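So this block is data.pdb, PDB, C-alpha atoms, pLDDT in the B column:
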```pdb
ATOM      1  CA  ASP Q  22     165.698-122.737  58.150  1.00 52.00           C
ATOM      2  CA  ASP Q  23     166.241-124.303  54.726  1.00 58.00           C
ATOM      3  CA  ILE Q  24     164.082-127.400  55.189  1.00 65.00           C
ATOM      4  CA  ASP Q  25     161.619-128.044  52.379  1.00 67.00           C
ATOM      5  CA  TYR Q  26     158.653-129.312  54.381  1.00 66.00           C
ATOM      6  CA  ILE Q  27     156.774-130.102  51.168  1.00 71.00           C
ATOM      7  CA  THR Q  28     159.229-132.870  50.238  1.00 80.00           C
ATOM      8  CA  TRP Q  29     160.508-133.768  53.739  1.00 88.00           C
ATOM      9  CA  PRO Q  30     161.391-136.480  54.420  1.00 92.00           C
ATOM     10  CA  THR Q  31     163.147-137.223  51.164  1.00 90.00           C
ATOM     11  CA  LYS Q  32     164.704-140.553  52.151  1.00 92.00           C
ATOM     12  CA  GLY Q  33     163.191-141.681  55.466  1.00 93.00           C
ATOM     13  CA  LYS Q  34     166.300-142.329  57.572  1.00 96.00           C
ATOM     14  CA  ILE Q  35     165.349-142.550  61.256  1.00 97.00           C
ATOM     15  CA  ARG Q  36     167.836-142.227  64.094  1.00 98.00           C
ATOM     16  CA  PHE Q  37     167.244-142.397  67.846  1.00 97.00           C
ATOM     17  CA  ASP Q  38     170.225-140.865  69.647  1.00 98.00           C
ATOM     18  CA  ASN Q  39     170.367-141.643  73.403  1.00 97.00           C
ATOM     19  CA  PHE Q  40     166.609-141.136  73.441  1.00 97.00           C
ATOM     20  CA  THR Q  41     164.976-141.264  76.865  1.00 96.00           C
ATOM     21  CA  ALA Q  42     161.271-140.712  77.532  1.00 95.00           C
ATOM     22  CA  ARG Q  43     158.540-141.217  80.080  1.00 92.00           C
ATOM     23  CA  TYR Q  44     154.773-140.809  79.798  1.00 92.00           C
ATOM     24  CA  ARG Q  45     154.579-138.065  82.435  1.00 90.00           C
ATOM     25  CA  LYS Q  46     157.122-136.346  84.705  1.00 88.00           C
ATOM     26  CA  GLU Q  47     156.102-138.377  87.740  1.00 90.00           C
ATOM     27  CA  THR Q  48     156.167-141.777  85.984  1.00 90.00           C
ATOM     28  CA  PRO Q  49     159.117-144.126  85.410  1.00 91.00           C
ATOM     29  CA  VAL Q  50     161.306-143.948  82.316  1.00 92.00           C
ATOM     30  CA  VAL Q  51     159.802-146.114  79.551  1.00 91.00           C
ATOM     31  CA  LEU Q  52     162.608-145.752  76.997  1.00 93.00           C
ATOM     32  CA  SER Q  53     166.129-145.312  78.300  1.00 94.00           C
ATOM     33  CA  LYS Q  54     169.052-144.126  76.173  1.00 96.00           C
ATOM     34  CA  LEU Q  55     167.710-145.816  73.028  1.00 96.00           C
ATOM     35  CA  ASN Q  56     170.157-145.781  70.128  1.00 97.00           C
ATOM     36  CA  LEU Q  57     168.742-147.045  66.861  1.00 95.00           C
ATOM     37  CA  GLU Q  58     169.187-146.283  63.185  1.00 97.00           C
ATOM     38  CA  ILE Q  59     166.835-147.319  60.414  1.00 96.00           C
ATOM     39  CA  LYS Q  60     168.245-146.729  56.954  1.00 96.00           C
ATOM     40  CA  PRO Q  61     166.128-145.383  54.080  1.00 93.00           C
ATOM     41  CA  GLY Q  62     164.131-148.188  52.470  1.00 90.00           C
ATOM     42  CA  GLU Q  63     165.025-150.611  55.243  1.00 92.00           C
ATOM     43  CA  LYS Q  64     162.301-152.790  56.693  1.00 90.00           C
ATOM     44  CA  MET Q  65     162.762-153.486  60.365  1.00 89.00           C
ATOM     45  CA  GLY Q  66     160.848-155.540  62.862  1.00 90.00           C
ATOM     46  CA  ILE Q  67     161.048-154.771  66.547  1.00 89.00           C
ATOM     47  CA  VAL Q  68     160.094-157.699  68.743  1.00 88.00           C
ATOM     48  CA  GLY Q  69     159.749-158.011  72.478  1.00 86.00           C
ATOM     49  CA  ARG Q  70     157.465-158.935  75.300  1.00 88.00           C
ATOM     50  CA  THR Q  71     154.362-156.969  76.184  1.00 84.00           C
ATOM     51  CA  GLY Q  72     155.423-153.742  77.873  1.00 82.00           C
ATOM     52  CA  SER Q  73     158.944-153.764  76.436  1.00 85.00           C
ATOM     53  CA  GLY Q  74     158.483-150.438  74.607  1.00 86.00           C
ATOM     54  CA  LYS Q  75     157.584-151.375  71.019  1.00 87.00           C
ATOM     55  CA  SER Q  76     154.469-149.186  70.831  1.00 88.00           C
ATOM     56  CA  THR Q  77     156.214-146.499  72.896  1.00 92.00           C
ATOM     57  CA  ILE Q  78     158.743-146.119  70.069  1.00 93.00           C
ATOM     58  CA  VAL Q  79     155.814-145.369  67.731  1.00 91.00           C
ATOM     59  CA  LEU Q  80     154.441-142.819  70.215  1.00 92.00           C
ATOM     60  CA  ALA Q  81     157.870-141.161  70.427  1.00 95.00           C
ATOM     61  CA  LEU Q  82     158.203-140.975  66.632  1.00 94.00           C
ATOM     62  CA  SER Q  83     154.795-139.287  66.458  1.00 93.00           C
ATOM     63  CA  ARG Q  84     155.695-137.036  69.413  1.00 94.00           C
ATOM     64  CA  ILE Q  85     152.713-138.213  71.387  1.00 93.00           C
ATOM     65  CA  ILE Q  86     155.250-138.553  74.155  1.00 92.00           C
ATOM     66  CA  GLU Q  87     158.112-136.081  74.251  1.00 87.00           C
ATOM     67  CA  ARG Q  88     161.755-136.723  74.959  1.00 92.00           C
ATOM     68  CA  GLU Q  89     163.393-136.265  78.286  1.00 94.00           C
ATOM     69  CA  GLU Q  90     166.901-136.626  76.864  1.00 96.00           C
ATOM     70  CA  GLY Q  91     168.484-137.352  73.511  1.00 97.00           C
ATOM     71  CA  LYS Q  92     166.749-136.874  70.186  1.00 97.00           C
ATOM     72  CA  ILE Q  93     165.075-138.497  67.223  1.00 97.00           C
ATOM     73  CA  GLU Q  94     166.129-137.432  63.742  1.00 97.00           C
ATOM     74  CA  ILE Q  95     164.452-138.113  60.434  1.00 96.00           C
ATOM     75  CA  ASP Q  96     166.714-137.393  57.470  1.00 95.00           C
ATOM     76  CA  ASN Q  97     169.145-135.664  59.864  1.00 94.00           C
ATOM     77  CA  ILE Q  98     166.470-133.244  61.125  1.00 94.00           C
ATOM     78  CA  ASP Q  99     165.616-133.265  64.846  1.00 95.00           C
ATOM     79  CA  ILE Q 100     161.869-133.972  64.901  1.00 95.00           C
ATOM     80  CA  SER Q 101     161.405-131.691  67.935  1.00 94.00           C
ATOM     81  CA  LYS Q 102     162.150-128.774  65.566  1.00 92.00           C
ATOM     82  CA  ILE Q 103     159.338-129.762  63.174  1.00 91.00           C
ATOM     83  CA  SER Q 104     155.710-128.814  63.738  1.00 91.00           C
ATOM     84  CA  LEU Q 105     153.489-131.650  64.940  1.00 91.00           C
ATOM     85  CA  GLU Q 106     151.272-131.167  61.886  1.00 90.00           C
ATOM     86  CA  THR Q 107     154.166-131.570  59.439  1.00 90.00           C
ATOM     87  CA  LEU Q 108     155.615-134.510  61.345  1.00 92.00           C
ATOM     88  CA  ARG Q 109     152.348-136.415  61.591  1.00 90.00           C
ATOM     89  CA  GLN Q 110     151.369-135.714  57.981  1.00 89.00           C
ATOM     90  CA  ASN Q 111     154.609-137.336  56.839  1.00 91.00           C
ATOM     91  CA  ILE Q 112     154.566-140.490  58.937  1.00 92.00           C
ATOM     92  CA  THR Q 113     151.932-143.155  58.408  1.00 91.00           C
ATOM     93  CA  VAL Q 114     151.042-145.422  61.320  1.00 89.00           C
ATOM     94  CA  VAL Q 115     148.808-148.453  60.882  1.00 88.00           C
ATOM     95  CA  PRO Q 116     147.765-149.415  64.419  1.00 82.00           C
ATOM     96  CA  GLN Q 117     146.754-152.817  65.765  1.00 81.00           C
ATOM     97  CA  ASP Q 118     143.177-151.641  66.239  1.00 84.00           C
ATOM     98  CA  PRO Q 119     141.854-150.250  62.950  1.00 85.00           C
ATOM     99  CA  PHE Q 120     140.492-146.720  62.811  1.00 88.00           C
ATOM    100  CA  ILE Q 121     137.466-146.604  60.515  1.00 92.00           C
ATOM    101  CA  LEU Q 122     135.294-143.630  59.626  1.00 92.00           C
ATOM    102  CA  GLU Q 123     131.521-143.780  59.352  1.00 95.00           C
ATOM    103  CA  ALA Q 124     131.659-142.973  55.653  1.00 96.00           C
ATOM    104  CA  SER Q 125     131.940-144.510  52.216  1.00 96.00           C
ATOM    105  CA  LEU Q 126     134.782-146.859  51.362  1.00 96.00           C
ATOM    106  CA  LYS Q 127     136.218-144.106  49.145  1.00 96.00           C
ATOM    107  CA  GLU Q 128     136.220-141.619  52.047  1.00 96.00           C
ATOM    108  CA  ASN Q 129     137.857-144.205  54.312  1.00 95.00           C
ATOM    109  CA  ILE Q 130     140.652-144.839  51.803  1.00 95.00           C
ATOM    110  CA  ASP Q 131     141.135-141.173  50.840  1.00 95.00           C
ATOM    111  CA  PRO Q 132     139.714-139.030  53.686  1.00 92.00           C
ATOM    112  CA  LEU Q 133     141.332-135.838  52.361  1.00 90.00           C
ATOM    113  CA  ASN Q 134     139.969-136.424  48.834  1.00 93.00           C
ATOM    114  CA  LYS Q 135     143.398-136.069  47.205  1.00 91.00           C
ATOM    115  CA  SER Q 136     143.133-138.944  44.702  1.00 94.00           C
ATOM    116  CA  ASN Q 137     140.992-139.771  41.717  1.00 95.00           C
ATOM    117  CA  ASP Q 138     138.637-142.741  41.547  1.00 95.00           C
ATOM    118  CA  GLU Q 139     140.991-144.775  39.335  1.00 95.00           C
ATOM    119  CA  GLU Q 140     143.826-144.516  41.879  1.00 95.00           C
ATOM    120  CA  ILE Q 141     141.508-145.577  44.672  1.00 96.00           C
ATOM    121  CA  ILE Q 142     140.147-148.536  42.679  1.00 95.00           C
ATOM    122  CA  ARG Q 143     143.733-149.633  41.920  1.00 95.00           C
ATOM    123  CA  ILE Q 144     144.539-149.587  45.646  1.00 95.00           C
ATOM    124  CA  LEU Q 145     141.308-151.472  46.431  1.00 94.00           C
ATOM    125  CA  ASP Q 146     142.305-154.092  43.839  1.00 94.00           C
ATOM    126  CA  ASP Q 147     145.845-154.289  45.232  1.00 94.00           C
ATOM    127  CA  PHE Q 148     144.392-155.140  48.641  1.00 92.00           C
ATOM    128  CA  CYS Q 149     141.613-157.362  47.217  1.00 91.00           C
ATOM    129  CA  LEU Q 150     139.010-155.209  48.919  1.00 91.00           C
ATOM    130  CA  PHE Q 151     135.451-155.976  47.905  1.00 92.00           C
ATOM    131  CA  THR Q 152     136.481-157.149  44.424  1.00 88.00           C
ATOM    132  CA  SER Q 153     133.196-159.061  44.181  1.00 89.00           C
ATOM    133  CA  ILE Q 154     131.497-155.676  43.665  1.00 89.00           C
ATOM    134  CA  GLU Q 155     132.058-155.209  39.941  1.00 88.00           C
ATOM    135  CA  LYS Q 156     130.714-151.673  39.447  1.00 93.00           C
ATOM    136  CA  LYS Q 157     133.330-149.125  40.435  1.00 91.00           C
ATOM    137  CA  GLU Q 158     130.761-146.623  41.757  1.00 92.00           C
ATOM    138  CA  GLU Q 159     129.091-149.255  43.958  1.00 94.00           C
ATOM    139  CA  ARG Q 160     132.418-150.275  45.445  1.00 94.00           C
ATOM    140  CA  LEU Q 161     133.556-146.703  46.097  1.00 96.00           C
ATOM    141  CA  ASN Q 162     130.190-145.794  47.640  1.00 96.00           C
ATOM    142  CA  LEU Q 163     130.002-148.882  49.876  1.00 95.00           C
ATOM    143  CA  MET Q 164     128.979-147.457  53.256  1.00 96.00           C
ATOM    144  CA  ILE Q 165     131.001-148.336  56.323  1.00 95.00           C
ATOM    145  CA  LYS Q 166     129.163-147.999  59.616  1.00 94.00           C
ATOM    146  CA  GLU Q 167     130.560-146.300  62.725  1.00 89.00           C
ATOM    147  CA  ASN Q 168     133.751-148.108  63.837  1.00 88.00           C
ATOM    148  CA  GLY Q 169     133.245-150.449  60.888  1.00 90.00           C
ATOM    149  CA  THR Q 170     130.648-152.520  62.729  1.00 91.00           C
ATOM    150  CA  ASN Q 171     129.371-153.884  59.391  1.00 93.00           C
ATOM    151  CA  ARG Q 172     132.853-155.209  58.450  1.00 92.00           C
ATOM    152  CA  ARG Q 173     135.035-158.033  59.737  1.00 89.00           C
ATOM    153  CA  LYS Q 174     138.169-156.985  61.650  1.00 87.00           C
ATOM    154  CA  GLY Q 175     140.457-158.235  58.856  1.00 86.00           C
ATOM    155  CA  GLU Q 176     138.548-156.147  56.286  1.00 90.00           C
ATOM    156  CA  LYS Q 177     138.842-153.077  58.511  1.00 90.00           C
ATOM    157  CA  GLN Q 178     142.580-153.656  58.821  1.00 90.00           C
ATOM    158  CA  LEU Q 179     142.918-153.973  55.037  1.00 91.00           C
ATOM    159  CA  ILE Q 180     141.060-150.661  54.669  1.00 93.00           C
ATOM    160  CA  CYS Q 181     143.696-149.108  56.959  1.00 91.00           C
ATOM    161  CA  PHE Q 182     146.492-150.658  54.870  1.00 91.00           C
ATOM    162  CA  ALA Q 183     144.909-149.309  51.690  1.00 94.00           C
ATOM    163  CA  ARG Q 184     144.636-145.849  53.287  1.00 93.00           C
ATOM    164  CA  ALA Q 185     148.330-146.031  54.224  1.00 92.00           C
ATOM    165  CA  ALA Q 186     149.304-147.080  50.700  1.00 92.00           C
ATOM    166  CA  MET Q 187     147.270-144.220  49.234  1.00 92.00           C
ATOM    167  CA  LYS Q 188     149.177-141.740  51.411  1.00 90.00           C
ATOM    168  CA  LYS Q 189     152.558-142.765  49.887  1.00 87.00           C
ATOM    169  CA  SER Q 190     154.606-141.830  52.953  1.00 88.00           C
ATOM    170  CA  LYS Q 191     158.362-142.402  53.112  1.00 90.00           C
ATOM    171  CA  ILE Q 192     157.866-143.761  56.642  1.00 92.00           C
ATOM    172  CA  VAL Q 193     155.200-146.374  57.348  1.00 91.00           C
ATOM    173  CA  ILE Q 194     154.959-147.944  60.788  1.00 90.00           C
ATOM    174  CA  LEU Q 195     152.913-151.078  61.392  1.00 87.00           C
ATOM    175  CA  ASP Q 196     152.139-151.519  65.083  1.00 82.00           C
ATOM    176  CA  GLU Q 197     151.048-155.180  65.175  1.00 76.00           C
ATOM    177  CA  ALA Q 198     148.812-154.251  62.270  1.00 68.00           C
ATOM    178  CA  THR Q 199     148.676-157.701  60.706  1.00 66.00           C
ATOM    179  CA  ALA Q 200     147.266-159.418  63.807  1.00 66.00           C
ATOM    180  CA  SER Q 201     143.709-159.611  62.360  1.00 61.00           C
ATOM    181  CA  ILE Q 202     144.542-160.432  58.747  1.00 66.00           C
ATOM    182  CA  ASP Q 203     144.273-163.943  57.359  1.00 64.00           C
ATOM    183  CA  VAL Q 204     147.172-165.318  55.327  1.00 61.00           C
TER     184      VAL Q 204
END
```
Output the file's structure as structure tokens, nothing else.
Amino acid sequence: DDIDYITWPTKGKIRFDNFTARYRKETPVVLSKLNLEIKPGEKMGIVGRTGSGKSTIVLALSRIIEREEGKIEIDNIDISKISLETLRQNITVVPQDPFILEASLKENIDPLNKSNDEEIIRILDDFCLFTSIEKKEERLNLMIKENGTNRRKGEKQLICFARAAMKKSKIVILDEATASIDV
């Protein structure tokens, strides 16, 4: 095993090879013999009707549902051979419904406390989050209530985008994540 899990994935190439999956053994197949390749750095949109499998692809990439046949590779490594922790730490998913912590804005952007205040402020500025609050400390310490009930849905979604940007993953998946954001 010569995989460097610290730097994996290095490029972010994703390949579904005859991938078939279902939610449970007794349920119908939800993805059937999917073949798809996403090149490193490529931005791809997957469109389709409700129930066509778009979100299921995200679940498969995160191994929330497991394969029945075929495989998914990231940078030529079969993701079934990688621990769930390593896999999920290296893929960032921004879902349609924002996940917000009951915590400060800083803790919502950097829940693992891996970045300094200047990096977080830069990300907040990049996403135009609460720029009307001039004092850095006040902005970082802005309290977000449980499920973000004291924030508009678009603001909560931007917080999730800022969190994703802070993580700096090679693979970022947006699952209808822009639905609540104004132009």
Please return, as a list in words, all polymer residues that have at least one atom within 8 Å of the point (166.3, -145.5, 76.6); use only C-alpha atoms and the file's own coordinate frame.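 Residues with an atom at most 8 Å from (166.3, -145.5, 76.6): Asn39, Phe40, Thr41, Ala42, Val50, Val51, Leu52, Ser53, Lys54, Leu55 and Asn56 of chain Q.
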Using only C-alpha atoms, which of Q:Leu195, Q:Ile35, Q:Ile27, Q:Leu122 sits nearest Q:Leu82?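 Checking each of Q:Leu195, Q:Ile35, Q:Ile27, Q:Leu122 against Q:Leu82, counting only C-alpha atoms, the winner is Q:Ile35.
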Set the distance at 12 Å and use all atoms listed in the file: which residues neighbour stretch 139-143 of chain Q once local chain neighbours fewer than 6 positions away are removed? I'd like the list as a list in words.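 These residues fall inside the cut-off: Leu126, Lys127, Glu128, Asn129, Ile130, Asp131, Pro132, Cys149, Leu150, Phe151, Thr152, Ile154, Glu155, Lys156, Lys157, Glu158, Glu159, Arg160, Leu161, Asn162, Ile180, Ala183, Arg184, Ala185, Ala186, Met187, Lys188 and Lys189 of chain Q.
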Given the file shown, determine the residues that the PyMOL selection byres ((chain Q and resi 99) around 12) selects; report them as a list in words. Ile24, Pro30, Lys34, Ile35, Arg36, Phe37, Asp38, Phe40, Leu82, Arg84, Arg88, Gly91, Lys92, Ile93, Glu94, Ile95, Asp96, Asn97, Ile98, Ile100, Ser101, Lys102, Ile103, Ser104 and Leu108 of chain Q
At a cut-off of 10 Å around the point (158.6, -148.5, 66.2) (file coordinates), what residues fall inside when counting all atoms listed in the file? I'd like the answer as a VMD selection string. chain Q and resid 65 to 68 74 to 83 114 193 to 196
One decimal, Å: what's the distance from atom CA of Q:Val115 over to atom CA of Q:Arg45, could you say?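 We find that atom CA of Q:Val115 and atom CA of Q:Arg45 lie 24.6 Å from each other.
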Could you please determine the separation between atom CA of Q:Leu57 and atom CA of Q:Thr31 in Å, to one decimal place?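 Separation of atom CA of Q:Leu57 and atom CA of Q:Thr31: 19.3 Å.
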Report, in Å to a single decimal, how far apart atom CA of Q:Ser153 and atom CA of Q:Lys177 are.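 Going from atom CA of Q:Lys177 over to atom CA of Q:Ser153, I get 16.5 Å.
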Counting all atoms listed in the file, which of Q:Tyr44, Q:Phe148, Q:Phe182, Q:Trp29 gets nearest to Q:Glu89?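 Checking each of Q:Tyr44, Q:Phe148, Q:Phe182, Q:Trp29 against Q:Glu89, counting all atoms listed in the file, the winner is Q:Tyr44.
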May I ask which of the residues Q:Ile59, Q:Leu105, Q:Ile121, Q:Ile112 is the closest one to Q:Thr170, counting all atoms listed in the file?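 With all atoms listed in the file as the atom set, the closest residue is Q:Ile121.
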Could you check which of Q:Glu197, Q:Asp138, Q:Pro119, Q:Asn111 is closest to Q:Gly169, using all atoms listed in the file?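 Nearest candidate to Q:Gly169 out of Q:Glu197, Q:Asp138, Q:Pro119, Q:Asn111: Q:Pro119.
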Find the axis-aligned box for stretch 110-120 of chain Q, covering all its listed atoms and adding 5 Å on each side, and write its centre and edge lengths in Å to one decimal as JSON.
```
{"center_x": 147.6, "center_y": -144.3, "center_z": 61.5, "size_x": 24.1, "size_y": 27.1, "size_z": 19.4}
```
Which one is closest to Q:Glu106: Q:Ile85, Q:Leu179, Q:Glu167, Q:Gly69? Count only C-alpha atoms.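 Nearest to Q:Glu106: Q:Ile85.
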